[in-house]
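Everything on this sheet refers to the single structure shown next.
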Amino acid sequence: MESLPLLCVAVPLLVAAGLAAVGRWLPRPVVDVVSLLSCLGVLGLGVTLLVATGSRRVVSWVAGYTPHGGASVGVVFVVDRVGAGLAVLVAALMTGALLYTWRYFSEVESKFHVLMLLFLAGMAGFALTGDLFDAFVFFELMGAVAYALTGYKIEEAQPLQGALNFAVVNSLGAYCTLLGIGLLYGRTGELGFAQIHQALAGHGPPDALVVVGAALVLTGFLVKAAAVPFHFWLADAHAVAPSPVCVLFSGVMVELGLYGVARTWSAALSAALPAERLRPALLVGGVVTALVASVMCLAQTHLKRLLAFSTMAHMGLFLVALGALEPASVGGLLVYVLGHAGVKGALFLCAGLLLNHHGSLDAEELYGRGREMPVTRVCFLVGALALAGLPPSGTWLGKTLSEDGLSHAGYGWAPALFVATSALTGAAVLRVGLQIFLGVGERPGSAEDTRGRHEDSETGALLSRLPATMVGPAVTLLGVGVALGMVPGLGRVAEQAAQTLLDGGGYAAATLHGAVGVHAPASDVTGFTASGVVLGLVSVALALAVAAAQLYSRRLPAPVRAVGVALRPPLRILRATHSGHLGDYVVWLLLGVTLLAGAIAVS
Amino acid sequence: MTLLPYLVAGWLFLAGCYGLVTSRNLVHAVGCLTIAQSSTYVLLLAVGYRSGATAPVFGDLPVGAPVVDPVVQALTLTDIVVSATVTALLLALTLQIHKRHGTVDPDELRALRN
């Protein structure tokens with residue numbers, strides 16, 4: 001059991017290295033099968049860890065450097081339910097993405113598989129490590145591979161610019177993290193999460209060095225998590241990355257940024273920074289992110305860009321659910337992340353199917369052209385409804401558990417935010433789904449926004465028949481995302497996992513003193529409350545209403561249209577800030593670091 | 001312990017960011033990113049510095065001789081590897097951008113607005 005975390009990282013790394021060396025001489029099916037098998041291997045290891053972490057943390061000191069008297073010089077993996085669950089999620093999404101790639105990119109060589117396996121190793125390592133500097137290294141590995149994957153279609157202009165923005169902003173964020181690690185190391189002389197926790201404990205309120213160090217470390221993770229004002233890279237990267245890569249970006253990579261925040265705070269920083277210090281920054285950041293992204297989402301016509309803003313809106317909600325730093329809401333967040341990964345992954349794969357069938361990602365150009373794609377149609381529209389929070393989907397269960405947890409923690413406004421954000425992003429996705437697949441609404445005239453047209457298909461020629469390896473993963477992801485809501489006891493397990501995640505003292509005791517046991521699940525959460533179902537139905541109804549209003553905007557009564565016209569100038573300003581310009585994004589990042597440090601200092 | 005190396009690190013980071021913000025050429029911007037990153041080297045080495053200590057090569061040192069912290073030097077080396085990778089990738093992207101867009105001026109890259 002103790003060697004499994006290391007294998008989760010080593011297997012994909014070694015296979016990637018092997019494929020990089022000999023892949024060019026291997027026939028494509030062999031490359032596909034080898035990478036799929038190693039991915040399934042990681043999935044198996046992850047599931048084994050997930051089962052084992054039900055009653056204890058799995059602590060593994062590489063090469064047997066176990067601690068003596070609470071000190072060790074070794075490299076450590078510390079796995080709890082959340083880390084193992086994320087590793088499973090990464091491997092599962094990667095399996096779907098690789099299956100989808102079977103025909104997608106028919107001309108790609110093994111390089112794509114090498115990059116995907118490195119991406120898998122980086123993400124799995126980040127989820128499982130027990131050391132802050134190792135976390136940074138895995139973070140940089142998954143970052144560098146993600147930049148390369150974004151710009152994979154190197155023959156086109158847009159992916160290059162998207163990859164460049166993504167790389168510069170995320171690299172700068174990662175350097176902030178490294179500066180913070182340096183400062184924390186200067187104070188504590190330690191790099192392990194548990195060791196930092198031990199060294200910081202019992203010194204009273206944090207001084208300026210710890211506050212600045214903490215803010216810098218969290219900045220890099222919040223850049224990855226696309227919190228306002230660090231979010232600008234996200235839409236640029238998602239809009240241009242290959243669809244199977246988008247599944248991983250949206251489904252798990254940005255969520256891992258949030259995991260970095262949660263893990264670093266609870267396992268290391270919580271000894272010096274009580275929850276009250278971090279809460280305001282996370283809650284305010286989350287609310288602003290959710291609102292900005294919802295509005296931006298409604299304004300898009302490019303399918304992937306729209307889905308990217310919807311991901312960002314949900315990241316805002318996740319940030320709020322995490323920001324309470326209470327087991328109940330964080331447990332809801334965990335379920336929400338799983339449901340969202342399935343549903344959003346399916347939607348991105350549907351977008352990829354449209355791109356390869358029709359050669360476009362623009363909702364207005366695709367108007368009515370999805371009629372002869374029955375499976376994709378059902379998949380996309382059900383996905384849109386699940387995103388809006390239709391009971392009993394996994395997204396709904398996560399949403400309602402988070403709402404309950406936040407309400408009980410004294411944030412009575414949270415359910416309103418969750419309903420509004422789900423409704424607005426669900427409405428945007430429903431609107432384009434109805435336009436494309438059913439030809440509903442006014443036929444769009446000349447569009448202002450011309451991006452998304454005339455994109456090259458990723459399969460070489462357009463596919464006239466979509467193969468099962470492409471449709472299957474989309475349907476499966478959606479099925480899992482929806483079915484999660486009906487798994488009995490999932491909320492209880494998630495709350496226990498959240499409790500373990502937030503227990504910094506227990507983490508240190510497990511890592512350094514071998515006390516690996518965790519609390520048994522206590523509360524009796526189901527999520528199936530009348531109010532939860534009602535709120536879910538309300539947000540779906542609102543989503544349908546907003547989508548209808550957008551589709552039939554010319555038939556709206558005059559007062560409603562006047563409101564719409566009045567909202568145009570602020571919307572134009574908001575859209576203008578998303579300029580695609582590198583320099584602007586760097587200014588926003590610096591502003592964000594300053595605000596974050598200030599918020600932690602004054603709270 | 002003097003404050004100077006920390007001020008230098010802060011200065012390098014901000015100078016790199018200033019260059020990124022005002023850059024009119026992507027090759028220049030990539031260089032500025034590298035400058036911002038070099039602040040991390042300075043900071044890490046400053047954290048591990050001990051005055052009067054020597055390099056942590058233990059082969060020919062008497063037992064108990066003061067050495068600077070070898071851990072931060074290992075971190076810096078890792079960091080340099082990361083930097084080389086990312087810089088190479090970014091310069092490759094810049095070359096391709098020049099081929100596809102015909103410019104390397106960020107102000108003229110207009111493919112991803114709004």
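Each chain in the structure tokens gets a letter, A, B, ..., in the order shown, and its residues are numbered from 1; ligands are numbered from 1 in order too.
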
Quiz item: Got a sec to pull out which chain B residues are within 8 Å of chain A, counting only C-alpha atoms, and send them as a ChimeraX atom specification?
Solution: /B:17,20-23,33,36-37,40,43-44,47-48,82,85-86,89-90,93-94,96-97,100-101,106-107,109-114

Output the selection as a compact mmCIF listing (two decimals), in the first residue's frame - C-alpha atoms for each residue.
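Output (result-v3.txt):
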```
# COMPACT_ATOMS: atom_id res chain seq x y z
CA CYS B 17 6.88 42.48 -14.46
CA LEU B 20 6.25 42.29 -19.37
CA VAL B 21 3.59 44.97 -19.04
CA THR B 22 5.24 47.45 -21.40
CA SER B 23 6.79 44.95 -23.82
CA LEU B 33 9.75 36.66 -17.58
CA ALA B 36 11.23 37.96 -12.92
CA GLN B 37 12.14 34.34 -12.32
CA THR B 40 13.52 33.54 -7.04
CA LEU B 43 15.76 35.06 -2.75
CA LEU B 44 16.41 31.34 -2.28
CA VAL B 47 17.61 32.59 2.57
CA GLY B 48 20.32 29.92 2.83
CA VAL B 82 12.00 24.65 -14.91
CA THR B 85 11.99 24.39 -20.13
CA VAL B 86 9.44 27.18 -19.99
CA LEU B 89 8.73 26.49 -24.97
CA LEU B 90 7.81 30.18 -24.98
CA LEU B 93 5.71 29.59 -29.47
CA THR B 94 7.01 33.07 -30.29
CA GLN B 96 5.42 30.12 -34.53
CA ILE B 97 3.46 33.27 -33.69
CA ARG B 100 1.31 32.73 -38.30
CA HIS B 101 0.56 36.31 -37.22
CA PRO B 106 1.63 41.85 -28.25
CA ASP B 107 -0.31 45.04 -29.09
CA LEU B 109 -2.10 40.21 -31.54
CA ARG B 110 -5.83 40.56 -31.73
CA ALA B 111 -7.03 36.98 -32.13
CA LEU B 112 -8.41 36.56 -28.61
CA ARG B 113 -10.33 39.69 -27.64
CA ASN B 114 -13.41 39.71 -25.37
```

Exercise. Return as a ChimeraX atom specification the full set of residues in segment 27-113 of chain B whose backbone-based DSSP assignment is helix (DSSP H, G or I).
Key: /B:27-47,58-60,70-101,106-108

Determine, counting only C-alpha atoms, which protein, DNA and RNA residues have an atom within 9 Å of an atom of Cys379 of chain A; residues of the same chain fewer than 5 positions away are not included. Present the result as a CSV table (one decimal) with N, CA and C atoms, in the first residue's frame.
```
chain,number,residue,atom,x,y,z
A,346,ALA,N,-18.3,16.2,-20.6
A,346,ALA,CA,-19.2,15.7,-21.7
A,346,ALA,C,-19.5,16.9,-22.6
A,347,LEU,N,-19.7,18.1,-22.0
A,347,LEU,CA,-20.1,19.3,-22.9
A,347,LEU,C,-18.9,19.6,-23.8
A,350,CYS,N,-18.7,17.2,-26.6
A,350,CYS,CA,-19.8,17.5,-27.5
A,350,CYS,C,-19.3,18.6,-28.4
A,374,PRO,N,-28.2,13.0,-33.2
A,374,PRO,CA,-29.2,12.8,-32.1
A,374,PRO,C,-28.5,12.5,-30.8
A,384,ALA,N,-26.5,20.6,-20.2
A,384,ALA,CA,-26.8,22.0,-19.9
A,384,ALA,C,-27.8,22.0,-18.7
A,474,ALA,N,-18.1,10.8,-24.2
A,474,ALA,CA,-19.0,11.9,-23.9
A,474,ALA,C,-20.2,11.4,-23.1
A,475,VAL,N,-20.8,10.4,-23.7
A,475,VAL,CA,-22.0,9.8,-23.0
A,475,VAL,C,-21.7,9.3,-21.6
A,478,LEU,N,-21.1,12.1,-19.1
A,478,LEU,CA,-22.3,12.7,-18.7
A,478,LEU,C,-23.1,11.7,-17.7
```

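Note that atom CA of Ala124 of chain A and atom CA of Gly23 of chain A are 23.1 Å apart.
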
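Residues in contact with Gly389 of chain A at 8 Å, where only C-alpha atoms are counted and same-chain residues fewer than 3 positions away are skipped, are listed as Leu385, Ala386, Ser393, Thr395, Trp396, Lys399, Ser422, Ala423, Gly536, Leu537, Ser539 and Val540 of chain A.
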
Quiz item: Which neighbours of Gly31 of chain B fall inside 9 Å, counting only C-alpha atoms, when residues of the same chain fewer than 2 positions from it are skipped, and could you give them as a PyMOL selection string?
Solution: chain B and resi 16+19-20+26-29+33-36+87

Practice problem: Excluding Arg369 of chain A and residues on its chain fewer than 3 positions from it, collect all residues at most 7 Å away from it, counting only C-alpha atoms, and give them as a list in words. | Solution: Leu366, Ile436 and Phe437 of chain A

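Nearest-residue note for Tyr6 of chain B: choosing from B:Cys32, B:Val71, B:Val42, B:Asn25, the minimum distance belongs to B:Val42, counting only C-alpha atoms.
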
Quiz item: Quick one: residues within 6 Å of Ala53 of chain B, only C-alpha atoms counted, chain neighbours fewer than 4 positions away excluded, as a ChimeraX atom specification?
Solution: /B:66-68

Quiz item: atom CA of Gly345 of chain A to atom CA of Gln496 of chain A: how many Å, to one decimal?
Solution: 26.2 Å
